[in-house]
>>> print(open('run.pdb').read())   # PDB, N, CA and C atoms and all ligand atoms
ATOM      1  N   MET A  91     101.665 116.322  91.826  1.00  0.00           N
ATOM      2  CA  MET A  91     102.654 115.599  91.025  1.00  0.00           C
ATOM      3  C   MET A  91     104.061 116.083  91.385  1.00  0.00           C
ATOM      4  N   ILE A  92     104.960 115.153  91.568  1.00  0.00           N
ATOM      5  CA  ILE A  92     106.337 115.530  91.896  1.00  0.00           C
ATOM      6  C   ILE A  92     107.080 115.897  90.607  1.00  0.00           C
ATOM      7  N   THR A  93     107.713 117.072  90.620  1.00  0.00           N
ATOM      8  CA  THR A  93     108.378 117.562  89.415  1.00  0.00           C
ATOM      9  C   THR A  93     109.901 117.520  89.520  1.00  0.00           C
ATOM     10  N   ARG A  94     110.413 117.436  90.745  1.00  0.00           N
ATOM     11  CA  ARG A  94     111.872 117.424  90.896  1.00  0.00           C
ATOM     12  C   ARG A  94     112.239 116.742  92.211  1.00  0.00           C
ATOM     13  N   VAL A  95     113.291 115.954  92.192  1.00  0.00           N
ATOM     14  CA  VAL A  95     113.811 115.323  93.405  1.00  0.00           C
ATOM     15  C   VAL A  95     115.312 115.566  93.434  1.00  0.00           C
ATOM     16  N   TRP A  96     115.814 115.906  94.610  1.00  0.00           N
ATOM     17  CA  TRP A  96     117.258 116.054  94.740  1.00  0.00           C
ATOM     18  C   TRP A  96     117.687 115.704  96.153  1.00  0.00           C
ATOM     19  N   ILE A  97     119.008 115.598  96.326  1.00  0.00           N
ATOM     20  CA  ILE A  97     119.556 115.204  97.621  1.00  0.00           C
ATOM     21  C   ILE A  97     120.572 116.253  98.061  1.00  0.00           C
ATOM     22  N   GLU A  98     120.328 116.807  99.218  1.00  0.00           N
ATOM     23  CA  GLU A  98     121.246 117.798  99.783  1.00  0.00           C
ATOM     24  C   GLU A  98     122.492 117.079 100.313  1.00  0.00           C
ATOM     25  N   PRO A  99     123.581 117.793 100.504  1.00  0.00           N
ATOM     26  CA  PRO A  99     124.773 117.170 101.079  1.00  0.00           C
ATOM     27  C   PRO A  99     124.476 116.595 102.469  1.00  0.00           C
ATOM     28  N   GLY A 100     125.178 115.528 102.826  1.00  0.00           N
ATOM     29  CA  GLY A 100     125.031 114.961 104.167  1.00  0.00           C
ATOM     30  C   GLY A 100     124.549 113.529 104.203  1.00  0.00           C
ATOM     31  N   CYS A 101     124.327 112.940 103.033  1.00  0.00           N
ATOM     32  CA  CYS A 101     123.887 111.540 102.968  1.00  0.00           C
ATOM     33  C   CYS A 101     124.893 110.642 103.699  1.00  0.00           C
ATOM     34  N   ILE A 102     124.365 109.710 104.495  1.00  0.00           N
ATOM     35  CA  ILE A 102     125.243 108.789 105.223  1.00  0.00           C
ATOM     36  C   ILE A 102     125.262 107.394 104.579  1.00  0.00           C
ATOM     37  N   VAL A 103     124.708 107.295 103.346  1.00  0.00           N
ATOM     38  CA  VAL A 103     124.797 106.080 102.527  1.00  0.00           C
ATOM     39  C   VAL A 103     124.186 104.865 103.250  1.00  0.00           C
ATOM     40  N   CYS A 104     123.005 105.078 103.819  1.00  0.00           N
ATOM     41  CA  CYS A 104     122.360 103.977 104.545  1.00  0.00           C
ATOM     42  C   CYS A 104     121.565 103.051 103.620  1.00  0.00           C
ATOM     43  N   LYS A 105     121.285 103.515 102.405  1.00  0.00           N
ATOM     44  CA  LYS A 105     120.597 102.719 101.363  1.00  0.00           C
ATOM     45  C   LYS A 105     119.089 102.581 101.558  1.00  0.00           C
ATOM     46  N   LEU A 106     118.543 103.196 102.589  1.00  0.00           N
ATOM     47  CA  LEU A 106     117.097 103.052 102.821  1.00  0.00           C
ATOM     48  C   LEU A 106     116.263 103.561 101.655  1.00  0.00           C
ATOM     49  N   CYS A 107     116.646 104.698 101.100  1.00  0.00           N
ATOM     50  CA  CYS A 107     115.826 105.278 100.026  1.00  0.00           C
ATOM     51  C   CYS A 107     115.807 104.374  98.797  1.00  0.00           C
ATOM     52  N   GLU A 108     116.936 103.766  98.493  1.00  0.00           N
ATOM     53  CA  GLU A 108     116.967 102.867  97.332  1.00  0.00           C
ATOM     54  C   GLU A 108     116.117 101.631  97.590  1.00  0.00           C
ATOM     55  N   GLU A 109     116.115 101.143  98.821  1.00  0.00           N
ATOM     56  CA  GLU A 109     115.269  99.985  99.140  1.00  0.00           C
ATOM     57  C   GLU A 109     113.791 100.351  99.007  1.00  0.00           C
ATOM     58  N   THR A 110     113.449 101.569  99.370  1.00  0.00           N
ATOM     59  CA  THR A 110     112.053 102.003  99.309  1.00  0.00           C
ATOM     60  C   THR A 110     111.627 102.363  97.895  1.00  0.00           C
ATOM     61  N   CYS A 111     112.509 102.996  97.139  1.00  0.00           N
ATOM     62  CA  CYS A 111     112.131 103.474  95.810  1.00  0.00           C
ATOM     63  C   CYS A 111     113.302 103.362  94.832  1.00  0.00           C
ATOM     64  N   PRO A 112     113.615 102.152  94.397  1.00  0.00           N
ATOM     65  CA  PRO A 112     114.758 101.973  93.493  1.00  0.00           C
ATOM     66  C   PRO A 112     114.551 102.599  92.117  1.00  0.00           C
ATOM     67  N   GLU A 113     113.308 102.959  91.795  1.00  0.00           N
ATOM     68  CA  GLU A 113     113.052 103.614  90.501  1.00  0.00           C
ATOM     69  C   GLU A 113     113.585 105.042  90.473  1.00  0.00           C
ATOM     70  N   VAL A 114     113.923 105.571  91.635  1.00  0.00           N
ATOM     71  CA  VAL A 114     114.344 106.977  91.718  1.00  0.00           C
ATOM     72  C   VAL A 114     115.747 107.129  92.318  1.00  0.00           C
ATOM     73  N   PHE A 115     116.045 106.369  93.363  1.00  0.00           N
ATOM     74  CA  PHE A 115     117.293 106.572  94.095  1.00  0.00           C
ATOM     75  C   PHE A 115     118.323 105.498  93.771  1.00  0.00           C
ATOM     76  N   ASP A 116     119.544 105.948  93.603  1.00  0.00           N
ATOM     77  CA  ASP A 116     120.653 105.042  93.322  1.00  0.00           C
ATOM     78  C   ASP A 116     121.748 105.325  94.352  1.00  0.00           C
ATOM     79  N   VAL A 117     121.950 104.379  95.259  1.00  0.00           N
ATOM     80  CA  VAL A 117     122.957 104.568  96.298  1.00  0.00           C
ATOM     81  C   VAL A 117     124.260 103.923  95.832  1.00  0.00           C
ATOM     82  N   THR A 118     125.284 104.723  95.693  1.00  0.00           N
ATOM     83  CA  THR A 118     126.600 104.258  95.269  1.00  0.00           C
ATOM     84  C   THR A 118     127.415 103.948  96.532  1.00  0.00           C
ATOM     85  N   PRO A 119     128.630 103.423  96.416  1.00  0.00           N
ATOM     86  CA  PRO A 119     129.423 103.154  97.625  1.00  0.00           C
ATOM     87  C   PRO A 119     129.706 104.405  98.464  1.00  0.00           C
ATOM     88  N   THR A 120     129.633 105.584  97.859  1.00  0.00           N
ATOM     89  CA  THR A 120     130.006 106.797  98.605  1.00  0.00           C
ATOM     90  C   THR A 120     128.921 107.861  98.664  1.00  0.00           C
ATOM     91  N   ASP A 121     127.823 107.669  97.938  1.00  0.00           N
ATOM     92  CA  ASP A 121     126.856 108.764  97.831  1.00  0.00           C
ATOM     93  C   ASP A 121     125.504 108.204  97.401  1.00  0.00           C
ATOM     94  N   CYS A 122     124.525 109.064  97.372  1.00  0.00           N
ATOM     95  CA  CYS A 122     123.222 108.692  96.833  1.00  0.00           C
ATOM     96  C   CYS A 122     122.859 109.708  95.768  1.00  0.00           C
ATOM     97  N   VAL A 123     122.404 109.222  94.637  1.00  0.00           N
ATOM     98  CA  VAL A 123     122.023 110.126  93.549  1.00  0.00           C
ATOM     99  C   VAL A 123     120.611 109.801  93.075  1.00  0.00           C
ATOM    100  N   VAL A 124     119.996 110.792  92.449  1.00  0.00           N
ATOM    101  CA  VAL A 124     118.711 110.578  91.785  1.00  0.00           C
ATOM    102  C   VAL A 124     119.016 110.086  90.385  1.00  0.00           C
ATOM    103  N   ARG A 125     118.400 108.990  90.016  1.00  0.00           N
ATOM    104  CA  ARG A 125     118.676 108.406  88.699  1.00  0.00           C
ATOM    105  C   ARG A 125     118.316 109.399  87.585  1.00  0.00           C
ATOM    106  N   PRO A 126     119.105 109.430  86.515  1.00  0.00           N
ATOM    107  CA  PRO A 126     118.765 110.315  85.389  1.00  0.00           C
ATOM    108  C   PRO A 126     117.391 109.995  84.810  1.00  0.00           C
ATOM    109  N   ASP A 127     117.005 108.724  84.876  1.00  0.00           N
ATOM    110  CA  ASP A 127     115.704 108.308  84.338  1.00  0.00           C
ATOM    111  C   ASP A 127     114.698 108.070  85.467  1.00  0.00           C
ATOM    112  N   ALA A 128     114.845 108.805  86.566  1.00  0.00           N
ATOM    113  CA  ALA A 128     113.976 108.612  87.735  1.00  0.00           C
ATOM    114  C   ALA A 128     112.498 108.682  87.355  1.00  0.00           C
ATOM    115  N   ASP A 129     111.737 107.740  87.892  1.00  0.00           N
ATOM    116  CA  ASP A 129     110.295 107.686  87.642  1.00  0.00           C
ATOM    117  C   ASP A 129     109.591 108.527  88.714  1.00  0.00           C
ATOM    118  N   LEU A 130     109.322 109.794  88.380  1.00  0.00           N
ATOM    119  CA  LEU A 130     108.744 110.719  89.365  1.00  0.00           C
ATOM    120  C   LEU A 130     107.253 110.485  89.589  1.00  0.00           C
ATOM    121  N   THR A 131     106.658 109.538  88.872  1.00  0.00           N
ATOM    122  CA  THR A 131     105.249 109.225  89.128  1.00  0.00           C
ATOM    123  C   THR A 131     105.098 108.408  90.412  1.00  0.00           C
ATOM    124  N   ARG A 132     106.202 107.951  90.976  1.00  0.00           N
ATOM    125  CA  ARG A 132     106.156 107.154  92.216  1.00  0.00           C
ATOM    126  C   ARG A 132     106.071 108.061  93.433  1.00  0.00           C
ATOM    127  N   ALA A 133     105.110 108.946  93.438  1.00  0.00           N
ATOM    128  CA  ALA A 133     105.051 109.992  94.465  1.00  0.00           C
ATOM    129  C   ALA A 133     104.988 109.439  95.881  1.00  0.00           C
ATOM    130  N   GLU A 134     104.144 108.437  96.093  1.00  0.00           N
ATOM    131  CA  GLU A 134     104.004 107.936  97.456  1.00  0.00           C
ATOM    132  C   GLU A 134     105.307 107.334  97.968  1.00  0.00           C
ATOM    133  N   ARG A 135     105.983 106.628  97.100  1.00  0.00           N
ATOM    134  CA  ARG A 135     107.246 106.019  97.528  1.00  0.00           C
ATOM    135  C   ARG A 135     108.342 107.074  97.733  1.00  0.00           C
ATOM    136  N   ILE A 136     108.323 108.093  96.891  1.00  0.00           N
ATOM    137  CA  ILE A 136     109.313 109.172  97.058  1.00  0.00           C
ATOM    138  C   ILE A 136     109.083 109.870  98.401  1.00  0.00           C
ATOM    139  N   LYS A 137     107.828 110.127  98.711  1.00  0.00           N
ATOM    140  CA  LYS A 137     107.517 110.785  99.993  1.00  0.00           C
ATOM    141  C   LYS A 137     107.893 109.884 101.164  1.00  0.00           C
ATOM    142  N   HIS A 138     107.628 108.605 101.011  1.00  0.00           N
ATOM    143  CA  HIS A 138     107.984 107.655 102.064  1.00  0.00           C
ATOM    144  C   HIS A 138     109.501 107.657 102.281  1.00  0.00           C
ATOM    145  N   ALA A 139     110.262 107.612 101.179  1.00  0.00           N
ATOM    146  CA  ALA A 139     111.730 107.626 101.284  1.00  0.00           C
ATOM    147  C   ALA A 139     112.210 108.918 101.947  1.00  0.00           C
ATOM    148  N   THR A 140     111.560 110.020 101.618  1.00  0.00           N
ATOM    149  CA  THR A 140     111.936 111.311 102.199  1.00  0.00           C
ATOM    150  C   THR A 140     111.742 111.281 103.711  1.00  0.00           C
ATOM    151  N   GLU A 141     110.625 110.712 104.148  1.00  0.00           N
ATOM    152  CA  GLU A 141     110.348 110.640 105.585  1.00  0.00           C
ATOM    153  C   GLU A 141     111.297 109.675 106.298  1.00  0.00           C
ATOM    154  N   GLU A 142     111.689 108.636 105.593  1.00  0.00           N
ATOM    155  CA  GLU A 142     112.545 107.611 106.213  1.00  0.00           C
ATOM    156  C   GLU A 142     114.003 108.027 106.350  1.00  0.00           C
ATOM    157  N   CYS A 143     114.454 108.924 105.477  1.00  0.00           N
ATOM    158  CA  CYS A 143     115.888 109.266 105.454  1.00  0.00           C
ATOM    159  C   CYS A 143     116.334 109.725 106.845  1.00  0.00           C
ATOM    160  N   PRO A 144     117.288 109.037 107.441  1.00  0.00           N
ATOM    161  CA  PRO A 144     117.665 109.347 108.832  1.00  0.00           C
ATOM    162  C   PRO A 144     118.313 110.717 109.001  1.00  0.00           C
ATOM    163  N   VAL A 145     118.823 111.301 107.914  1.00  0.00           N
ATOM    164  CA  VAL A 145     119.448 112.623 108.041  1.00  0.00           C
ATOM    165  C   VAL A 145     118.681 113.689 107.253  1.00  0.00           C
ATOM    166  N   SER A 146     117.504 113.346 106.772  1.00  0.00           N
ATOM    167  CA  SER A 146     116.583 114.313 106.133  1.00  0.00           C
ATOM    168  C   SER A 146     117.231 115.146 105.026  1.00  0.00           C
ATOM    169  N   VAL A 147     117.902 114.476 104.108  1.00  0.00           N
ATOM    170  CA  VAL A 147     118.558 115.226 103.025  1.00  0.00           C
ATOM    171  C   VAL A 147     117.835 115.099 101.679  1.00  0.00           C
ATOM    172  N   ILE A 148     116.764 114.303 101.635  1.00  0.00           N
ATOM    173  CA  ILE A 148     116.026 114.163 100.373  1.00  0.00           C
ATOM    174  C   ILE A 148     115.010 115.303 100.273  1.00  0.00           C
ATOM    175  N   ARG A 149     114.996 115.949  99.131  1.00  0.00           N
ATOM    176  CA  ARG A 149     114.055 117.058  98.887  1.00  0.00           C
ATOM    177  C   ARG A 149     113.272 116.773  97.617  1.00  0.00           C
ATOM    178  N   PHE A 150     112.057 117.300  97.561  1.00  0.00           N
ATOM    179  CA  PHE A 150     111.303 117.217  96.310  1.00  0.00           C
ATOM    180  C   PHE A 150     110.407 118.441  96.168  1.00  0.00           C
ATOM    181  N   GLU A 151     110.045 118.714  94.916  1.00  0.00           N
ATOM    182  CA  GLU A 151     109.117 119.800  94.611  1.00  0.00           C
ATOM    183  C   GLU A 151     107.884 119.190  93.956  1.00  0.00           C
ATOM    184  N   GLU A 152     106.745 119.783  94.269  1.00  0.00           N
ATOM    185  CA  GLU A 152     105.508 119.327  93.637  1.00  0.00           C
ATOM    186  C   GLU A 152     104.948 120.438  92.778  1.00  0.00           C
ATOM    187  N   GLY A 153     104.402 120.052  91.631  1.00  0.00           N
ATOM    188  CA  GLY A 153     103.770 121.009  90.739  1.00  0.00           C
ATOM    189  C   GLY A 153     102.303 120.662  90.569  1.00  0.00           C
ATOM    190  N   PRO A 154     101.630 121.364  89.690  1.00  0.00           N
ATOM    191  CA  PRO A 154     100.210 121.109  89.479  1.00  0.00           C
ATOM    192  C   PRO A 154      99.954 119.754  88.841  1.00  0.00           C
TER
HETATM  193  S1  LIG B   1     117.989 107.460 102.952  1.00  0.00           S
HETATM  194 FE1  LIG B   1     119.093 109.419 103.124  1.00  0.00          FE
HETATM  195  S2  LIG B   1     121.007 108.908 104.149  1.00  0.00           S
HETATM  196 FE2  LIG B   1     120.134 106.990 103.424  1.00  0.00          FE
HETATM  197  S3  LIG B   1     121.114 106.661 101.415  1.00  0.00           S
HETATM  198 FE3  LIG B   1     119.169 107.731 101.049  1.00  0.00          FE
HETATM  199  S4  LIG B   1     119.702 109.935 101.015  1.00  0.00           S
HETATM  200 FE4  LIG B   1     121.405 108.816 101.959  1.00  0.00          FE
END
>>> encode(input="run.pdb", output="structure tokens", more="lines below")
Ligand code: SF4
Amino acid sequence: MITRVWIEPGCIVCKLCEETCPEVFDVTPTDCVVRPDADLTRAERIKHATEECPVSVIRFEEGP
């Protein structure tokens, strides 16, 4: 189960993560943020977005 998602500095605002998982990622005109009400049960999509990010700045932690 994913317990935390965050974005390290370096986002290039490509919007891919929001297209893949809009329940978690919110891409603004200048940055990408994790929504305050992010649905962390979308584990597969979060992992997919993490793999897709062209600059590898999406991070997540998994718990039991
Ligand atoms: S996929 Fe990566 S670079 Fe693209 S908007 Fe999301 S965090 Fe930023």
>>> residues_near_point(input="run.pdb", point="(122.9, 116.7, 104.7)", cutoff="9 Å", atoms="only C-alpha atoms", output="JSON, numbers by chain")
{"A": [97, 98, 99, 100, 101, 102, 145, 146, 147, 148]}
>>> resolve_selection(input="run.pdb", expression="the PyMOL selection byres (((not hetatm)) within 5 of (chain B and resi 1))", output="PDB file with N, CA and C atoms, keeping the file's coordinate frame")
ATOM      1  N   CYS A 101     124.327 112.940 103.033  1.00  0.00           N
ATOM      2  CA  CYS A 101     123.887 111.540 102.968  1.00  0.00           C
ATOM      3  C   CYS A 101     124.893 110.642 103.699  1.00  0.00           C
ATOM      4  N   ILE A 102     124.365 109.710 104.495  1.00  0.00           N
ATOM      5  CA  ILE A 102     125.243 108.789 105.223  1.00  0.00           C
ATOM      6  C   ILE A 102     125.262 107.394 104.579  1.00  0.00           C
ATOM      7  N   VAL A 103     124.708 107.295 103.346  1.00  0.00           N
ATOM      8  CA  VAL A 103     124.797 106.080 102.527  1.00  0.00           C
ATOM      9  C   VAL A 103     124.186 104.865 103.250  1.00  0.00           C
ATOM     10  N   CYS A 104     123.005 105.078 103.819  1.00  0.00           N
ATOM     11  CA  CYS A 104     122.360 103.977 104.545  1.00  0.00           C
ATOM     12  C   CYS A 104     121.565 103.051 103.620  1.00  0.00           C
ATOM     13  N   LYS A 105     121.285 103.515 102.405  1.00  0.00           N
ATOM     14  CA  LYS A 105     120.597 102.719 101.363  1.00  0.00           C
ATOM     15  C   LYS A 105     119.089 102.581 101.558  1.00  0.00           C
ATOM     16  N   LEU A 106     118.543 103.196 102.589  1.00  0.00           N
ATOM     17  CA  LEU A 106     117.097 103.052 102.821  1.00  0.00           C
ATOM     18  C   LEU A 106     116.263 103.561 101.655  1.00  0.00           C
ATOM     19  N   CYS A 107     116.646 104.698 101.100  1.00  0.00           N
ATOM     20  CA  CYS A 107     115.826 105.278 100.026  1.00  0.00           C
ATOM     21  C   CYS A 107     115.807 104.374  98.797  1.00  0.00           C
ATOM     22  N   CYS A 143     114.454 108.924 105.477  1.00  0.00           N
ATOM     23  CA  CYS A 143     115.888 109.266 105.454  1.00  0.00           C
ATOM     24  C   CYS A 143     116.334 109.725 106.845  1.00  0.00           C
ATOM     25  N   PRO A 144     117.288 109.037 107.441  1.00  0.00           N
ATOM     26  CA  PRO A 144     117.665 109.347 108.832  1.00  0.00           C
ATOM     27  C   PRO A 144     118.313 110.717 109.001  1.00  0.00           C
ATOM     28  N   VAL A 145     118.823 111.301 107.914  1.00  0.00           N
ATOM     29  CA  VAL A 145     119.448 112.623 108.041  1.00  0.00           C
ATOM     30  C   VAL A 145     118.681 113.689 107.253  1.00  0.00           C
TER      31      VAL A 145
END
>>> closest_residue(input="run.pdb", among="A:Met91, A:Val123, A:Ala139, A:Leu130", to="Thr110 (chain A)", atoms="all atoms listed in the file")
A:Ala139
>>> resolve_selection(input="run.pdb", expression="the PyMOL selection byres (((chain A and resi 135 and name CA) around 12) and not hetatm and name CA)", output="list in words")
Ile92, Leu106, Cys107, Glu108, Glu109, Thr110, Cys111, Pro112, Glu113, Val114, Phe115, Asp129, Leu130, Thr131, Arg132, Ala133, Glu134, Ile136, Lys137, His138, Ala139, Thr140, Glu141, Glu142 and Phe150 of chain A
>>> select_by_dssp(input="run.pdb", residues="chain A", states="strand (DSSP E)", output="PyMOL selection string")
chain A and resi 92-97+115-117+122-124+148-152
>>> residues_near_point(input="run.pdb", point="(102.1, 118.6, 88.5)", cutoff="8 Å", atoms="all atoms listed in the file", output="VMD selection string")
chain A and resid 91 to 93 151 to 154
>>> select_by_dssp(input="run.pdb", residues="region 93-143 of chain A", states="alpha helix (DSSP H)", output="list of chain:residue names")
A:Leu106, A:Cys107, A:Glu108, A:Glu109, A:Thr110, A:Ala133, A:Glu134, A:Arg135, A:Ile136, A:Lys137, A:His138, A:Ala139, A:Thr140, A:Glu141, A:Glu142
>>> atom_distance(input="run.pdb", atom1="atom N of Trp96 (chain A)", atom2="CA of Val124 (chain A)")
6.7 Å
>>> build_atoms(input="run.pdb", residues="region 129-139 of chain A", atoms="all heavy atoms", output="PDB file, keeping the file's coordinate frame")
ATOM      1  N   ASP A 129     111.737 107.740  87.892  1.00  0.00           N
ATOM      2  CA  ASP A 129     110.295 107.686  87.642  1.00  0.00           C
ATOM      3  C   ASP A 129     109.591 108.527  88.714  1.00  0.00           C
ATOM      4  O   ASP A 129     109.293 108.041  89.802  1.00  0.00           O
ATOM      5  CB  ASP A 129     109.820 106.233  87.679  1.00  0.00           C
ATOM      6  CG  ASP A 129     108.331 106.109  87.426  1.00  0.00           C
ATOM      7  OD1 ASP A 129     107.678 107.156  87.190  1.00  0.00           O
ATOM      8  OD2 ASP A 129     107.825 104.976  87.463  1.00  0.00           O
ATOM      9  N   LEU A 130     109.322 109.794  88.380  1.00  0.00           N
ATOM     10  CA  LEU A 130     108.744 110.719  89.365  1.00  0.00           C
ATOM     11  C   LEU A 130     107.253 110.485  89.589  1.00  0.00           C
ATOM     12  O   LEU A 130     106.639 111.159  90.420  1.00  0.00           O
ATOM     13  CB  LEU A 130     109.001 112.163  88.944  1.00  0.00           C
ATOM     14  CG  LEU A 130     110.486 112.544  88.807  1.00  0.00           C
ATOM     15  CD1 LEU A 130     110.634 114.038  88.532  1.00  0.00           C
ATOM     16  CD2 LEU A 130     111.294 112.153  90.030  1.00  0.00           C
ATOM     17  N   THR A 131     106.658 109.538  88.872  1.00  0.00           N
ATOM     18  CA  THR A 131     105.249 109.225  89.128  1.00  0.00           C
ATOM     19  C   THR A 131     105.098 108.408  90.412  1.00  0.00           C
ATOM     20  O   THR A 131     103.992 108.209  90.891  1.00  0.00           O
ATOM     21  CB  THR A 131     104.613 108.434  87.965  1.00  0.00           C
ATOM     22  OG1 THR A 131     105.222 107.150  87.880  1.00  0.00           O
ATOM     23  CG2 THR A 131     104.760 109.182  86.651  1.00  0.00           C
ATOM     24  N   ARG A 132     106.202 107.951  90.976  1.00  0.00           N
ATOM     25  CA  ARG A 132     106.156 107.154  92.216  1.00  0.00           C
ATOM     26  C   ARG A 132     106.071 108.061  93.433  1.00  0.00           C
ATOM     27  O   ARG A 132     106.881 107.958  94.363  1.00  0.00           O
ATOM     28  CB  ARG A 132     107.403 106.279  92.325  1.00  0.00           C
ATOM     29  CG  ARG A 132     107.637 105.403  91.122  1.00  0.00           C
ATOM     30  CD  ARG A 132     106.865 104.133  91.259  1.00  0.00           C
ATOM     31  NE  ARG A 132     107.068 103.273  90.094  1.00  0.00           N
ATOM     32  CZ  ARG A 132     106.738 102.002  90.076  1.00  0.00           C
ATOM     33  NH1 ARG A 132     106.208 101.453  91.135  1.00  0.00           N
ATOM     34  NH2 ARG A 132     106.921 101.293  88.997  1.00  0.00           N
ATOM     35  N   ALA A 133     105.110 108.946  93.438  1.00  0.00           N
ATOM     36  CA  ALA A 133     105.051 109.992  94.465  1.00  0.00           C
ATOM     37  C   ALA A 133     104.988 109.439  95.881  1.00  0.00           C
ATOM     38  O   ALA A 133     105.703 109.919  96.770  1.00  0.00           O
ATOM     39  CB  ALA A 133     103.857 110.902  94.200  1.00  0.00           C
ATOM     40  N   GLU A 134     104.144 108.437  96.093  1.00  0.00           N
ATOM     41  CA  GLU A 134     104.004 107.936  97.456  1.00  0.00           C
ATOM     42  C   GLU A 134     105.307 107.334  97.968  1.00  0.00           C
ATOM     43  O   GLU A 134     105.701 107.534  99.116  1.00  0.00           O
ATOM     44  CB  GLU A 134     102.878 106.899  97.532  1.00  0.00           C
ATOM     45  CG  GLU A 134     101.496 107.496  97.374  1.00  0.00           C
ATOM     46  CD  GLU A 134     101.259 108.686  98.305  1.00  0.00           C
ATOM     47  OE1 GLU A 134     101.557 108.570  99.502  1.00  0.00           O
ATOM     48  OE2 GLU A 134     100.787 109.734  97.833  1.00  0.00           O
ATOM     49  N   ARG A 135     105.983 106.628  97.100  1.00  0.00           N
ATOM     50  CA  ARG A 135     107.246 106.019  97.528  1.00  0.00           C
ATOM     51  C   ARG A 135     108.342 107.074  97.733  1.00  0.00           C
ATOM     52  O   ARG A 135     109.176 106.937  98.621  1.00  0.00           O
ATOM     53  CB  ARG A 135     107.705 104.998  96.480  1.00  0.00           C
ATOM     54  CG  ARG A 135     106.887 103.735  96.532  1.00  0.00           C
ATOM     55  CD  ARG A 135     107.756 102.577  96.177  1.00  0.00           C
ATOM     56  NE  ARG A 135     107.119 101.768  95.163  1.00  0.00           N
ATOM     57  CZ  ARG A 135     107.736 100.793  94.519  1.00  0.00           C
ATOM     58  NH1 ARG A 135     109.003 100.557  94.743  1.00  0.00           N
ATOM     59  NH2 ARG A 135     107.109 100.075  93.637  1.00  0.00           N
ATOM     60  N   ILE A 136     108.323 108.093  96.891  1.00  0.00           N
ATOM     61  CA  ILE A 136     109.313 109.172  97.058  1.00  0.00           C
ATOM     62  C   ILE A 136     109.083 109.870  98.401  1.00  0.00           C
ATOM     63  O   ILE A 136     110.025 110.150  99.151  1.00  0.00           O
ATOM     64  CB  ILE A 136     109.221 110.171  95.893  1.00  0.00           C
ATOM     65  CG1 ILE A 136     109.677 109.505  94.591  1.00  0.00           C
ATOM     66  CG2 ILE A 136     110.063 111.415  96.179  1.00  0.00           C
ATOM     67  CD1 ILE A 136     109.375 110.287  93.330  1.00  0.00           C
ATOM     68  N   LYS A 137     107.828 110.127  98.711  1.00  0.00           N
ATOM     69  CA  LYS A 137     107.517 110.785  99.993  1.00  0.00           C
ATOM     70  C   LYS A 137     107.893 109.884 101.164  1.00  0.00           C
ATOM     71  O   LYS A 137     108.413 110.350 102.180  1.00  0.00           O
ATOM     72  CB  LYS A 137     106.030 111.149 100.029  1.00  0.00           C
ATOM     73  CG  LYS A 137     105.707 112.287  99.079  1.00  0.00           C
ATOM     74  CD  LYS A 137     104.223 112.581  99.059  1.00  0.00           C
ATOM     75  CE  LYS A 137     103.925 113.687  98.062  1.00  0.00           C
ATOM     76  NZ  LYS A 137     102.488 113.975  97.945  1.00  0.00           N
ATOM     77  N   HIS A 138     107.628 108.605 101.011  1.00  0.00           N
ATOM     78  CA  HIS A 138     107.984 107.655 102.064  1.00  0.00           C
ATOM     79  C   HIS A 138     109.501 107.657 102.281  1.00  0.00           C
ATOM     80  O   HIS A 138     109.994 107.718 103.410  1.00  0.00           O
ATOM     81  CB  HIS A 138     107.495 106.266 101.658  1.00  0.00           C
ATOM     82  CG  HIS A 138     107.603 105.238 102.726  1.00  0.00           C
ATOM     83  ND1 HIS A 138     107.407 103.907 102.499  1.00  0.00           N
ATOM     84  CD2 HIS A 138     107.910 105.327 104.044  1.00  0.00           C
ATOM     85  CE1 HIS A 138     107.579 103.234 103.617  1.00  0.00           C
ATOM     86  NE2 HIS A 138     107.887 104.071 104.575  1.00  0.00           N
ATOM     87  N   ALA A 139     110.262 107.612 101.179  1.00  0.00           N
ATOM     88  CA  ALA A 139     111.730 107.626 101.284  1.00  0.00           C
ATOM     89  C   ALA A 139     112.210 108.918 101.947  1.00  0.00           C
ATOM     90  O   ALA A 139     113.137 108.903 102.764  1.00  0.00           O
ATOM     91  CB  ALA A 139     112.345 107.482  99.894  1.00  0.00           C
TER      92      ALA A 139
END
